[in-house]
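Okay, so here's the structure we're looking at.
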Amino acid sequence: PIVLCSKDFPHQITHPNGPWLEMCGYALEEVEGEPQIGWVKEQNADAVARIGEPSDKPLYGRLLEIMESDEKIPYIGRVLNGLYYNFWQDETHVRGIWRRCTLDEYRKEEPAWETALDLDALGAAEGVSWVWGGSIPLDEGPTVRKERVMIRLSRGGSDATVVREFDLDAKAFVAEREGGFALPEAKSRLCYKDRDTLLVGGVFGEEEMTDSGYPRTVYEWRRGTPLSEATDRKSVV
């Protein structure tokens with residue numbers, strides 16, 4: 001359960017601006033704090049005791065079967081260079097695959113999909129339970145072929161993500177040593193300004209963040225330079 005404030009919160013958490021009871025909005029802000037995690041576990045245990053273990057219910061199995069069914073409609077998330085991209089999860093691809101096909105293939109009963117990125121294989125290779133967070137393409141106009149995207153990945157589904165540049169033709173991430181963009185784990189926001197420039201925020205420390213933990217400042221980061229040399233372009237007070 002997600003709880004922002006509760007008079008029954010059992011731990012006396014304080015905040016620099018006042019007692020926790022007066023600043024109850026901060027009570028669960030430290031999402032990985034031991035008191036907060038302990039309290040959530042207590043609430044989960046209480047809920048299970050009251051309503052039972054969800055996975056024991058027939059409806060749970062039915063819903064899981066629907067979610068993992070091969071009969072799901074493959075939703076198209078992007079169309080790049082005439083290829084239709086779909087992110088797909090099933091009992092085999094637990095974390096999912098980012099795949100693509102032509103429009104003619106998509107119209108078939110069983111399209112011949114081409115896998116661009118396999119998250120299960122990536123996680124196994126890197127020892128991280130990566131969760132798909134979406135893609136951000138380099139868009140240089142309707143007449144220019146799309147070659148690069150920035151891909152978001154989170155550890156286990158957290159709000160913070162790492163972001164890596166991906167080559168659509170090679171179906172591989174662009175290594176940093178080869179000039180590829182890569183952002184550290186953070187609640188970042190970004191887009192391409194042009195082929196060699198990112199507009200980015202959220203990776204420069206707490207002073208650049210709002211009270212809710214999101215970026216207030218936009219920086220311009222040039223390819224081939226350290227992230228620390230990105231220049232401040234716009235701030236929101």
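Residues are referred to by chain and number: the chain letter is A, B, ... according to the order shown in the structure tokens, the number counts from 1 in that chain, and ligands are numbered separately from 1 in the order shown.
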
List every residue of stretch 32-236 of chain A that DSSP, applied to the backbone of this structure, places in alpha helix (DSSP H), and write the result as a PyMOL selection string.
chain A and resi 34-51+58-67+103-106+119-126

Kindly export the residues of the current selection with C-alpha atoms, as a PDB file, in the first residue's frame.
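This went into result.pdb:
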ATOM      1  CA  GLU A  34      14.455   0.661   7.816  1.00  0.00           C
ATOM      2  CA  PRO A  35      11.554   2.128   9.892  1.00  0.00           C
ATOM      3  CA  GLN A  36       9.553   2.853   6.738  1.00  0.00           C
ATOM      4  CA  ILE A  37      10.146  -0.581   5.224  1.00  0.00           C
ATOM      5  CA  GLY A  38       9.333  -2.198   8.555  1.00  0.00           C
ATOM      6  CA  TRP A  39       6.063  -0.294   8.787  1.00  0.00           C
ATOM      7  CA  VAL A  40       5.051  -1.246   5.234  1.00  0.00           C
ATOM      8  CA  LYS A  41       5.809  -4.911   5.962  1.00  0.00           C
ATOM      9  CA  GLU A  42       3.608  -4.710   9.043  1.00  0.00           C
ATOM     10  CA  GLN A  43       0.747  -3.226   7.012  1.00  0.00           C
ATOM     11  CA  ASN A  44       1.157  -5.892   4.301  1.00  0.00           C
ATOM     12  CA  ALA A  45       1.101  -8.661   6.903  1.00  0.00           C
ATOM     13  CA  ASP A  46      -2.021  -7.160   8.461  1.00  0.00           C
ATOM     14  CA  ALA A  47      -3.723  -6.965   5.047  1.00  0.00           C
ATOM     15  CA  VAL A  48      -2.885 -10.614   4.242  1.00  0.00           C
ATOM     16  CA  ALA A  49      -4.185 -11.694   7.663  1.00  0.00           C
ATOM     17  CA  ARG A  50      -7.459  -9.898   6.996  1.00  0.00           C
ATOM     18  CA  ILE A  51      -8.122 -10.824   3.347  1.00  0.00           C
ATOM     19  CA  PRO A  58      -8.653 -18.397  -8.227  1.00  0.00           C
ATOM     20  CA  LEU A  59      -8.944 -14.865  -9.620  1.00  0.00           C
ATOM     21  CA  TYR A  60      -5.202 -14.283  -9.137  1.00  0.00           C
ATOM     22  CA  GLY A  61      -4.303 -17.226 -11.353  1.00  0.00           C
ATOM     23  CA  ARG A  62      -6.825 -16.185 -13.963  1.00  0.00           C
ATOM     24  CA  LEU A  63      -5.521 -12.615 -14.104  1.00  0.00           C
ATOM     25  CA  LEU A  64      -1.924 -13.851 -14.310  1.00  0.00           C
ATOM     26  CA  GLU A  65      -2.877 -16.156 -17.172  1.00  0.00           C
ATOM     27  CA  ILE A  66      -4.443 -13.223 -19.034  1.00  0.00           C
ATOM     28  CA  MET A  67      -1.395 -11.012 -18.474  1.00  0.00           C
ATOM     29  CA  LEU A 103       3.619  -3.263 -41.152  1.00  0.00           C
ATOM     30  CA  ASP A 104       2.976  -6.159 -43.526  1.00  0.00           C
ATOM     31  CA  GLU A 105       4.335  -8.597 -40.928  1.00  0.00           C
ATOM     32  CA  TYR A 106       2.327  -6.959 -38.160  1.00  0.00           C
ATOM     33  CA  LEU A 119      15.974  -7.591 -21.088  1.00  0.00           C
ATOM     34  CA  ASP A 120      16.160 -11.085 -19.603  1.00  0.00           C
ATOM     35  CA  ALA A 121      19.421 -11.752 -21.443  1.00  0.00           C
ATOM     36  CA  LEU A 122      20.765  -8.303 -20.521  1.00  0.00           C
ATOM     37  CA  GLY A 123      19.907  -8.827 -16.857  1.00  0.00           C
ATOM     38  CA  ALA A 124      21.531 -12.260 -16.831  1.00  0.00           C
ATOM     39  CA  ALA A 125      24.708 -10.874 -18.415  1.00  0.00           C
ATOM     40  CA  GLU A 126      24.956  -7.912 -16.035  1.00  0.00           C
TER      41      GLU A 126
END

Spatial neighbours of stretch 76-90 of chain A, 8 Å, only C-alpha atoms, chain gap at least 6 places, as a VMD selection string:
chain A and resid 67 to 70 96 to 103 106 145 to 146

Could you turn the residues from that selection into a file that holds N, CA, C and O atoms, as a PDB file, in the first residue's frame?
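Once everything was written out, this is result16.pdb:
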ATOM      1  N   MET A  67      -2.531 -11.908 -18.297  1.00  0.00           N
ATOM      2  CA  MET A  67      -1.395 -11.012 -18.474  1.00  0.00           C
ATOM      3  C   MET A  67      -0.256 -11.680 -19.246  1.00  0.00           C
ATOM      4  O   MET A  67       0.477 -11.022 -19.982  1.00  0.00           O
ATOM      5  N   GLU A  68      -0.096 -12.991 -19.094  1.00  0.00           N
ATOM      6  CA  GLU A  68       1.001 -13.707 -19.740  1.00  0.00           C
ATOM      7  C   GLU A  68       0.585 -14.417 -21.021  1.00  0.00           C
ATOM      8  O   GLU A  68       1.391 -15.093 -21.642  1.00  0.00           O
ATOM      9  N   SER A  69      -0.646 -14.211 -21.424  1.00  0.00           N
ATOM     10  CA  SER A  69      -1.156 -14.914 -22.598  1.00  0.00           C
ATOM     11  C   SER A  69      -0.486 -14.453 -23.890  1.00  0.00           C
ATOM     12  O   SER A  69      -0.237 -13.259 -24.092  1.00  0.00           O
ATOM     13  N   ASP A  70      -0.222 -15.411 -24.778  1.00  0.00           N
ATOM     14  CA  ASP A  70       0.322 -15.093 -26.099  1.00  0.00           C
ATOM     15  C   ASP A  70      -0.744 -14.483 -26.998  1.00  0.00           C
ATOM     16  O   ASP A  70      -0.440 -14.021 -28.105  1.00  0.00           O
ATOM     17  N   GLY A  96      11.019  -9.099 -20.434  1.00  0.00           N
ATOM     18  CA  GLY A  96      10.513  -8.580 -21.698  1.00  0.00           C
ATOM     19  C   GLY A  96      11.542  -8.424 -22.795  1.00  0.00           C
ATOM     20  O   GLY A  96      12.745  -8.411 -22.565  1.00  0.00           O
ATOM     21  N   ILE A  97      11.028  -8.300 -24.019  1.00  0.00           N
ATOM     22  CA  ILE A  97      11.855  -8.033 -25.190  1.00  0.00           C
ATOM     23  C   ILE A  97      11.280  -6.827 -25.928  1.00  0.00           C
ATOM     24  O   ILE A  97      10.067  -6.630 -25.988  1.00  0.00           O
ATOM     25  N   TRP A  98      12.170  -6.021 -26.465  1.00  0.00           N
ATOM     26  CA  TRP A  98      11.795  -4.913 -27.336  1.00  0.00           C
ATOM     27  C   TRP A  98      12.010  -5.424 -28.748  1.00  0.00           C
ATOM     28  O   TRP A  98      13.137  -5.770 -29.126  1.00  0.00           O
ATOM     29  N   ARG A  99      10.945  -5.529 -29.517  1.00  0.00           N
ATOM     30  CA  ARG A  99      11.013  -6.188 -30.810  1.00  0.00           C
ATOM     31  C   ARG A  99      10.366  -5.321 -31.887  1.00  0.00           C
ATOM     32  O   ARG A  99       9.684  -4.335 -31.588  1.00  0.00           O
ATOM     33  N   ARG A 100      10.564  -5.720 -33.148  1.00  0.00           N
ATOM     34  CA  ARG A 100      10.072  -4.898 -34.244  1.00  0.00           C
ATOM     35  C   ARG A 100       9.741  -5.761 -35.462  1.00  0.00           C
ATOM     36  O   ARG A 100      10.222  -6.884 -35.606  1.00  0.00           O
ATOM     37  N   CYS A 101       8.901  -5.207 -36.334  1.00  0.00           N
ATOM     38  CA  CYS A 101       8.579  -5.864 -37.606  1.00  0.00           C
ATOM     39  C   CYS A 101       7.999  -4.826 -38.551  1.00  0.00           C
ATOM     40  O   CYS A 101       7.691  -3.696 -38.144  1.00  0.00           O
ATOM     41  N   THR A 102       7.855  -5.198 -39.802  1.00  0.00           N
ATOM     42  CA  THR A 102       7.244  -4.301 -40.783  1.00  0.00           C
ATOM     43  C   THR A 102       5.729  -4.285 -40.589  1.00  0.00           C
ATOM     44  O   THR A 102       5.159  -5.142 -39.903  1.00  0.00           O
ATOM     45  N   LEU A 103       5.078  -3.333 -41.232  1.00  0.00           N
ATOM     46  CA  LEU A 103       3.619  -3.263 -41.152  1.00  0.00           C
ATOM     47  C   LEU A 103       2.974  -4.495 -41.779  1.00  0.00           C
ATOM     48  O   LEU A 103       1.995  -5.027 -41.244  1.00  0.00           O
ATOM     49  N   TYR A 106       3.205  -7.212 -39.305  1.00  0.00           N
ATOM     50  CA  TYR A 106       2.327  -6.959 -38.160  1.00  0.00           C
ATOM     51  C   TYR A 106       0.884  -7.365 -38.455  1.00  0.00           C
ATOM     52  O   TYR A 106       0.150  -7.779 -37.551  1.00  0.00           O
ATOM     53  N   ARG A 145      16.568   9.525 -41.273  1.00  0.00           N
ATOM     54  CA  ARG A 145      16.456   8.178 -40.718  1.00  0.00           C
ATOM     55  C   ARG A 145      16.808   8.174 -39.231  1.00  0.00           C
ATOM     56  O   ARG A 145      17.765   8.819 -38.798  1.00  0.00           O
ATOM     57  N   LYS A 146      16.040   7.430 -38.433  1.00  0.00           N
ATOM     58  CA  LYS A 146      16.287   7.321 -36.998  1.00  0.00           C
ATOM     59  C   LYS A 146      17.319   6.224 -36.745  1.00  0.00           C
ATOM     60  O   LYS A 146      17.135   5.085 -37.164  1.00  0.00           O
TER      61      LYS A 146
END

Please report the interatomic distance between atom CA of A:Arg222 and atom CA of A:Leu138 in Å with one decimal.
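Going from atom CA of A:Arg222 over to atom CA of A:Leu138, I get 14.2 Å.
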
Distance table requested - stretch 139-218 of chain A against stretch 112-115 of chain A, cut-off 12 Å, only C-alpha atoms: one row per qualifying residue with the closest atom pair and its distance in Å to one decimal, ordered by chain and rising residue number, as a tab-separated table.
residue	atom	partner	partner_atom	distance
A:Leu168	CA	A:Thr115	CA	10.8
A:Asp169	CA	A:Thr115	CA	11.7
A:Ala170	CA	A:Thr115	CA	11.5
A:Lys171	CA	A:Thr115	CA	8.4
A:Ala172	CA	A:Thr115	CA	11.0

Go ahead and save the residues from that selection, with N, CA and C atoms, as a PDB file, in the first residue's frame.
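Written file, out.pdb:
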ATOM      1  N   LEU A 168      20.036   1.491 -33.142  1.00  0.00           N
ATOM      2  CA  LEU A 168      18.936   0.694 -33.690  1.00  0.00           C
ATOM      3  C   LEU A 168      19.391  -0.266 -34.782  1.00  0.00           C
ATOM      4  N   ASP A 169      20.412   0.108 -35.540  1.00  0.00           N
ATOM      5  CA  ASP A 169      20.896  -0.754 -36.616  1.00  0.00           C
ATOM      6  C   ASP A 169      21.723  -1.914 -36.062  1.00  0.00           C
ATOM      7  N   ALA A 170      22.594  -1.609 -35.111  1.00  0.00           N
ATOM      8  CA  ALA A 170      23.450  -2.642 -34.527  1.00  0.00           C
ATOM      9  C   ALA A 170      22.708  -3.462 -33.480  1.00  0.00           C
ATOM     10  N   LYS A 171      21.563  -2.958 -33.020  1.00  0.00           N
ATOM     11  CA  LYS A 171      20.786  -3.595 -31.953  1.00  0.00           C
ATOM     12  C   LYS A 171      21.668  -3.805 -30.719  1.00  0.00           C
ATOM     13  N   ALA A 172      22.354  -2.729 -30.343  1.00  0.00           N
ATOM     14  CA  ALA A 172      23.297  -2.799 -29.228  1.00  0.00           C
ATOM     15  C   ALA A 172      23.476  -1.418 -28.618  1.00  0.00           C
TER      16      ALA A 172
END

DSSP-assigned strand (DSSP E) members of stretch 36-154 of chain A, reported as a ChimeraX atom specification
/A:78-80,83-88,97-102,114-118,130-137,148-154

Surrounding residues of A:Phe173 excluding itself and chain neighbours under 3 positions, 12 Å, only C-alpha atoms, as a ChimeraX atom specification
/A:116-118,122,147-152,163-170,176-182
